[in-house]
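I have placed the structure first, in the form of structure tokens, so that the comments after it can refer back to it.
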Amino acid sequence: MPLPLVHHPDYDAVSVADAHRFPMRKYTLVAQMARRAGHMLLVPEPAGFGALETVHGRDYVAAIFDGSLERKAARRIGFEITPEIAARSRAAVGGTCYAARFALEAGAAVNLAGGSHHADANGGAGFCVFNDVAVAAEQLLAGGQVKRVLIVDLDVHHGDGTARIFAGRGDVFTLSMHCEDNWPTEKPPSDLDVGLPRGAEDGVYLTTLRQVLTQGFELATPDFVFYNAGVDPHMDDRLGHLALSDGGLAARDRLVAEFCAGANVPVCGVLGGGYSKDAEAVARRHMFLVEAMSGICVPA
């Protein structure tokens, strides 16, 4: 079975210059790269109100839908909440939910967006409007398709929103490996947190990751994994403060894929962060995830 890849045109529905800290054009670029590599892309349905309010407050979801979110709350997200931003946020959540369902069949799938891990029940932050992985995890659990979910968050920033949403839950295990001296300043505890020092390079990162994944899989005993594969640990990232090379990022993604395959656990990958003025370079780094997950798809 070819790797299921999910993409929606609304992922890049907002005109944002590459110089912006959130280079939205990367979503179109990575989709183009995937097509050139021979992949077919699946188009999801945007998430509806009911799905979103399983993890977010009803009033917050309504404010995104009707554009009435207060300016202070919108500034915390980093975008003016326009109909286009609402549409892309709903599409990204729908994409992760769709990819997760395909991962159950294929062993792996990737949403070519998602990873909005700063959004919590009360609102969004850091370019994250809705927490797509949290919504998708709730759908799988509520539907009885899985019983224990492990969220492996390797975006360079701590997965604070996800940690808050699933705090105290026995059926979701949250793991965040991030740069400790980085935003957000307040880092609520995940089930397993590992904060790396500024400037950590490939060797230290990959050695630590292998230990963290071993511990995470042993503690979580998951039957499904969500993997936030943010490429912002890269040495050229403007917001990351770590120093991974392209080779280090690719090795990271292969390591996660190998752990999931070795445990016979399906995995849904999401892109997460990546902040560079060179949107094409960011998109190429996101393709490492596609390449790694392609290697563990179950043959048809």
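FYI, nothing fancy with the structure tokens labels: chains A, B, ... in order, residues from 1 per chain, ligands from 1 as they appear.
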Set the distance at 8 Å and use only C-alpha atoms: which residues neighbour region 273-287 of chain A once local chain neighbours fewer than 2 positions away are removed? I'd like the list as a short mmCIF file (atom, residue, chain, number, x, y, z; two decimals) with N, CA and C atoms, in the first residue's frame.
```cif
data_model
loop_
_atom_site.label_atom_id
_atom_site.label_comp_id
_atom_site.auth_asym_id
_atom_site.auth_seq_id
_atom_site.Cartn_x
_atom_site.Cartn_y
_atom_site.Cartn_z
N ASP A 18 6.99 34.80 2.65
CA ASP A 18 7.97 33.89 3.22
C ASP A 18 8.75 34.53 4.37
N ALA A 19 8.83 35.86 4.37
CA ALA A 19 9.55 36.55 5.43
C ALA A 19 8.80 36.50 6.76
N HIS A 20 7.50 36.19 6.72
CA HIS A 20 6.72 36.04 7.94
C HIS A 20 7.28 34.88 8.75
N ARG A 21 7.19 34.97 10.06
CA ARG A 21 7.73 33.90 10.90
C ARG A 21 7.05 32.56 10.65
N PHE A 22 5.84 32.59 10.11
CA PHE A 22 5.11 31.35 9.81
C PHE A 22 4.97 31.25 8.29
N PRO A 23 5.93 30.61 7.60
CA PRO A 23 5.95 30.59 6.13
C PRO A 23 4.92 29.60 5.57
N ARG A 25 3.54 29.11 2.78
CA ARG A 25 3.72 28.54 1.45
C ARG A 25 4.34 27.15 1.50
N LYS A 26 4.94 26.80 2.62
CA LYS A 26 5.57 25.47 2.72
C LYS A 26 4.56 24.36 2.50
N TYR A 27 3.29 24.59 2.82
CA TYR A 27 2.28 23.53 2.67
C TYR A 27 2.02 23.21 1.21
N LEU A 29 4.24 23.81 -1.18
CA LEU A 29 5.50 23.28 -1.69
C LEU A 29 5.69 21.81 -1.34
N VAL A 30 5.38 21.43 -0.12
CA VAL A 30 5.58 20.03 0.26
C VAL A 30 4.60 19.14 -0.48
N MET A 33 6.09 18.68 -3.90
CA MET A 33 7.21 17.74 -3.84
C MET A 33 6.72 16.31 -3.72
N ALA A 34 5.67 16.10 -2.93
CA ALA A 34 5.13 14.75 -2.76
C ALA A 34 4.55 14.23 -4.08
N GLY A 115 -0.04 19.47 13.66
CA GLY A 115 0.96 19.63 14.71
C GLY A 115 0.76 20.88 15.53
N ASP A 155 8.65 18.49 17.84
CA ASP A 155 8.77 19.90 17.51
C ASP A 155 9.72 20.53 18.53
N VAL A 156 10.46 21.55 18.12
CA VAL A 156 11.47 22.13 19.01
C VAL A 156 10.86 22.83 20.22
N ALA A 229 6.36 15.92 13.80
CA ALA A 229 7.72 15.92 13.24
C ALA A 229 8.17 17.32 12.84
N GLY A 230 7.97 18.29 13.72
CA GLY A 230 8.42 19.65 13.42
C GLY A 230 9.88 19.67 13.01
N VAL A 231 10.21 20.45 11.98
CA VAL A 231 11.60 20.52 11.52
C VAL A 231 12.32 21.73 12.10
N ASP A 232 11.73 22.36 13.09
CA ASP A 232 12.35 23.53 13.71
C ASP A 232 13.55 23.23 14.63
N ASP A 236 19.29 25.93 10.95
CA ASP A 236 18.98 27.18 10.26
C ASP A 236 17.62 27.74 10.63
N ASP A 237 16.93 27.09 11.56
CA ASP A 237 15.60 27.58 11.93
C ASP A 237 15.70 28.85 12.76
N ARG A 238 14.81 29.80 12.46
CA ARG A 238 14.86 31.10 13.14
C ARG A 238 14.36 31.04 14.57
N LEU A 239 13.54 30.05 14.90
CA LEU A 239 12.91 30.02 16.22
C LEU A 239 13.32 28.80 17.04
N ASP A 246 20.36 18.54 8.14
CA ASP A 246 19.38 17.81 7.35
C ASP A 246 19.48 16.31 7.61
N LEU A 249 17.91 15.41 10.98
CA LEU A 249 16.44 15.38 10.94
C LEU A 249 15.93 14.12 10.26
N ALA A 250 16.57 13.76 9.14
CA ALA A 250 16.15 12.56 8.43
C ALA A 250 16.34 11.32 9.29
N LEU A 271 3.13 17.56 10.31
CA LEU A 271 4.34 18.31 9.96
C LEU A 271 4.91 19.13 11.11
N LEU A 289 9.96 13.22 6.63
CA LEU A 289 8.90 12.47 7.30
C LEU A 289 8.19 11.55 6.31
N VAL A 290 7.87 12.08 5.14
CA VAL A 290 7.21 11.27 4.11
C VAL A 290 8.08 10.08 3.73
N GLU A 291 9.37 10.32 3.55
CA GLU A 291 10.28 9.24 3.16
C GLU A 291 10.38 8.19 4.26
#
```
Secondary structure check, strand (DSSP E) residues of region 178-243 of chain A, as an MDAnalysis selection string: chainID A and resid 178:179 192:196 224:228
Between CA of Gly170 (chain A) and CA of Gly124 (chain A) - distance in Å to one decimal: 24.3 Å
Region 94-107 of chain A environment, 8 Å, only C-alpha atoms, sequence neighbours closer than 2 positions dropped, as a ChimeraX atom specification: /A:1,3-8,43-47,90-92,109-114,132-133,135-137,139-140,261,265-268,270,296-299
Within 8 Å of region 58-64 of chain A using only C-alpha atoms, minus same-chain residues under 2 positions, as a list in words: Phe49, Leu52, Glu53, His56, Asp66, Gly67, Ser68, Leu69, Ile81, Ala86, Asn122 and Gly123 of chain A
Sel. of alpha helix (DSSP H) residues, region 128-287 of chain A, as a PyMOL selection string: chain A and resi 132-142+160-165+202-220+246-262+279-287
Of the listed residues A:Glu180, A:Glu138, A:Asp160, A:Glu201, that which approaches Ala119 (chain A) most closely, counting only C-alpha atoms: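 Going through A:Glu180, A:Glu138, A:Asp160, A:Glu201 one by one, the smallest distance to Ala119 (chain A) is for A:Asp160.
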Distance criterion (only C-alpha atoms): nearest to Phe166 (chain A) out of A:Tyr205, A:Thr82, A:Val194, A:Thr54: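 The answer is A:Thr54, which sits nearest to Phe166 (chain A).
Interatomic distance, CA of Trp183 (chain A) to CA of Phe224 (chain A): 28.2 Å.
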Neighbour list for region 206-211 of chain A as a VMD selection string, cut-off 8 Å, only C-alpha atoms, skip fewer than 4 positions in-chain: chain A and resid 177 202 215 248 251 to 252 255
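Closest approach to Phe226 (chain A) among A:Ala167, A:Ala134, A:Leu244, A:Ala263 is made by A:Ala134 (distances from only C-alpha atoms).
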Please identify every residue of region 109-176 of chain A that has at least one atom no farther than 8 Å from an atom of region 216-220 of chain A, counting only C-alpha atoms, and for each give the shortest atom pair and the distance in Å to one decimal, arranged by chain then increasing number, as a Markdown table.
```
| residue | atom | partner | partner_atom | distance |
| --- | --- | --- | --- | --- |
| A:Arg148 | CA | A:Ala220 | CA | 7.3 |
| A:Val149 | CA | A:Ala220 | CA | 7.6 |
| A:Leu150 | CA | A:Ala220 | CA | 6.2 |
| A:Val172 | CA | A:Ala220 | CA | 7.9 |
| A:Phe173 | CA | A:Ala220 | CA | 5.7 |
| A:Leu175 | CA | A:Gly216 | CA | 7.0 |
```
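Relative to CA of Val212 (chain A), CA of Tyr227 (chain A) is found at 13.7 Å.
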Mind checking which residues fall within 8 Å of Arg164 (chain A), counting only C-alpha atoms, ignoring those fewer than 2 positions away in the same chain, and posting them as a PDB file with N, CA and C atoms, in the first residue's frame?
```pdb
ATOM      1  N   ASP A 120      -4.964  24.793  23.419  1.00  0.00           N
ATOM      2  CA  ASP A 120      -5.522  23.974  24.495  1.00  0.00           C
ATOM      3  C   ASP A 120      -7.021  24.214  24.594  1.00  0.00           C
ATOM      4  N   ALA A 121      -7.633  23.745  25.662  1.00  0.00           N
ATOM      5  CA  ALA A 121      -9.082  23.830  25.772  1.00  0.00           C
ATOM      6  C   ALA A 121      -9.582  25.264  25.764  1.00  0.00           C
ATOM      7  N   ASP A 160       2.873  22.271  25.009  1.00  0.00           N
ATOM      8  CA  ASP A 160       2.143  22.691  26.206  1.00  0.00           C
ATOM      9  C   ASP A 160       0.635  22.500  26.109  1.00  0.00           C
ATOM     10  N   GLY A 161       0.060  22.837  24.950  1.00  0.00           N
ATOM     11  CA  GLY A 161      -1.390  22.686  24.810  1.00  0.00           C
ATOM     12  C   GLY A 161      -1.817  21.242  24.905  1.00  0.00           C
ATOM     13  N   THR A 162      -1.086  20.372  24.258  1.00  0.00           N
ATOM     14  CA  THR A 162      -1.401  18.943  24.308  1.00  0.00           C
ATOM     15  C   THR A 162      -1.255  18.410  25.733  1.00  0.00           C
ATOM     16  N   PHE A 166      -4.504  16.689  27.916  1.00  0.00           N
ATOM     17  CA  PHE A 166      -4.518  15.282  28.325  1.00  0.00           C
ATOM     18  C   PHE A 166      -3.951  15.046  29.720  1.00  0.00           C
ATOM     19  N   ALA A 167      -3.783  16.089  30.491  1.00  0.00           N
ATOM     20  CA  ALA A 167      -3.262  15.927  31.851  1.00  0.00           C
ATOM     21  C   ALA A 167      -4.159  14.980  32.659  1.00  0.00           C
ATOM     22  N   PRO A 188       3.825  23.207  31.078  1.00  0.00           N
ATOM     23  CA  PRO A 188       3.110  22.267  31.949  1.00  0.00           C
ATOM     24  C   PRO A 188       3.605  20.851  31.697  1.00  0.00           C
ATOM     25  N   PRO A 189       3.610  20.001  32.704  1.00  0.00           N
ATOM     26  CA  PRO A 189       4.227  18.685  32.546  1.00  0.00           C
ATOM     27  C   PRO A 189       3.487  17.777  31.570  1.00  0.00           C
ATOM     28  N   SER A 190       4.236  17.231  30.628  1.00  0.00           N
ATOM     29  CA  SER A 190       3.763  16.097  29.835  1.00  0.00           C
ATOM     30  C   SER A 190       3.981  14.845  30.675  1.00  0.00           C
TER      31      SER A 190
END
```
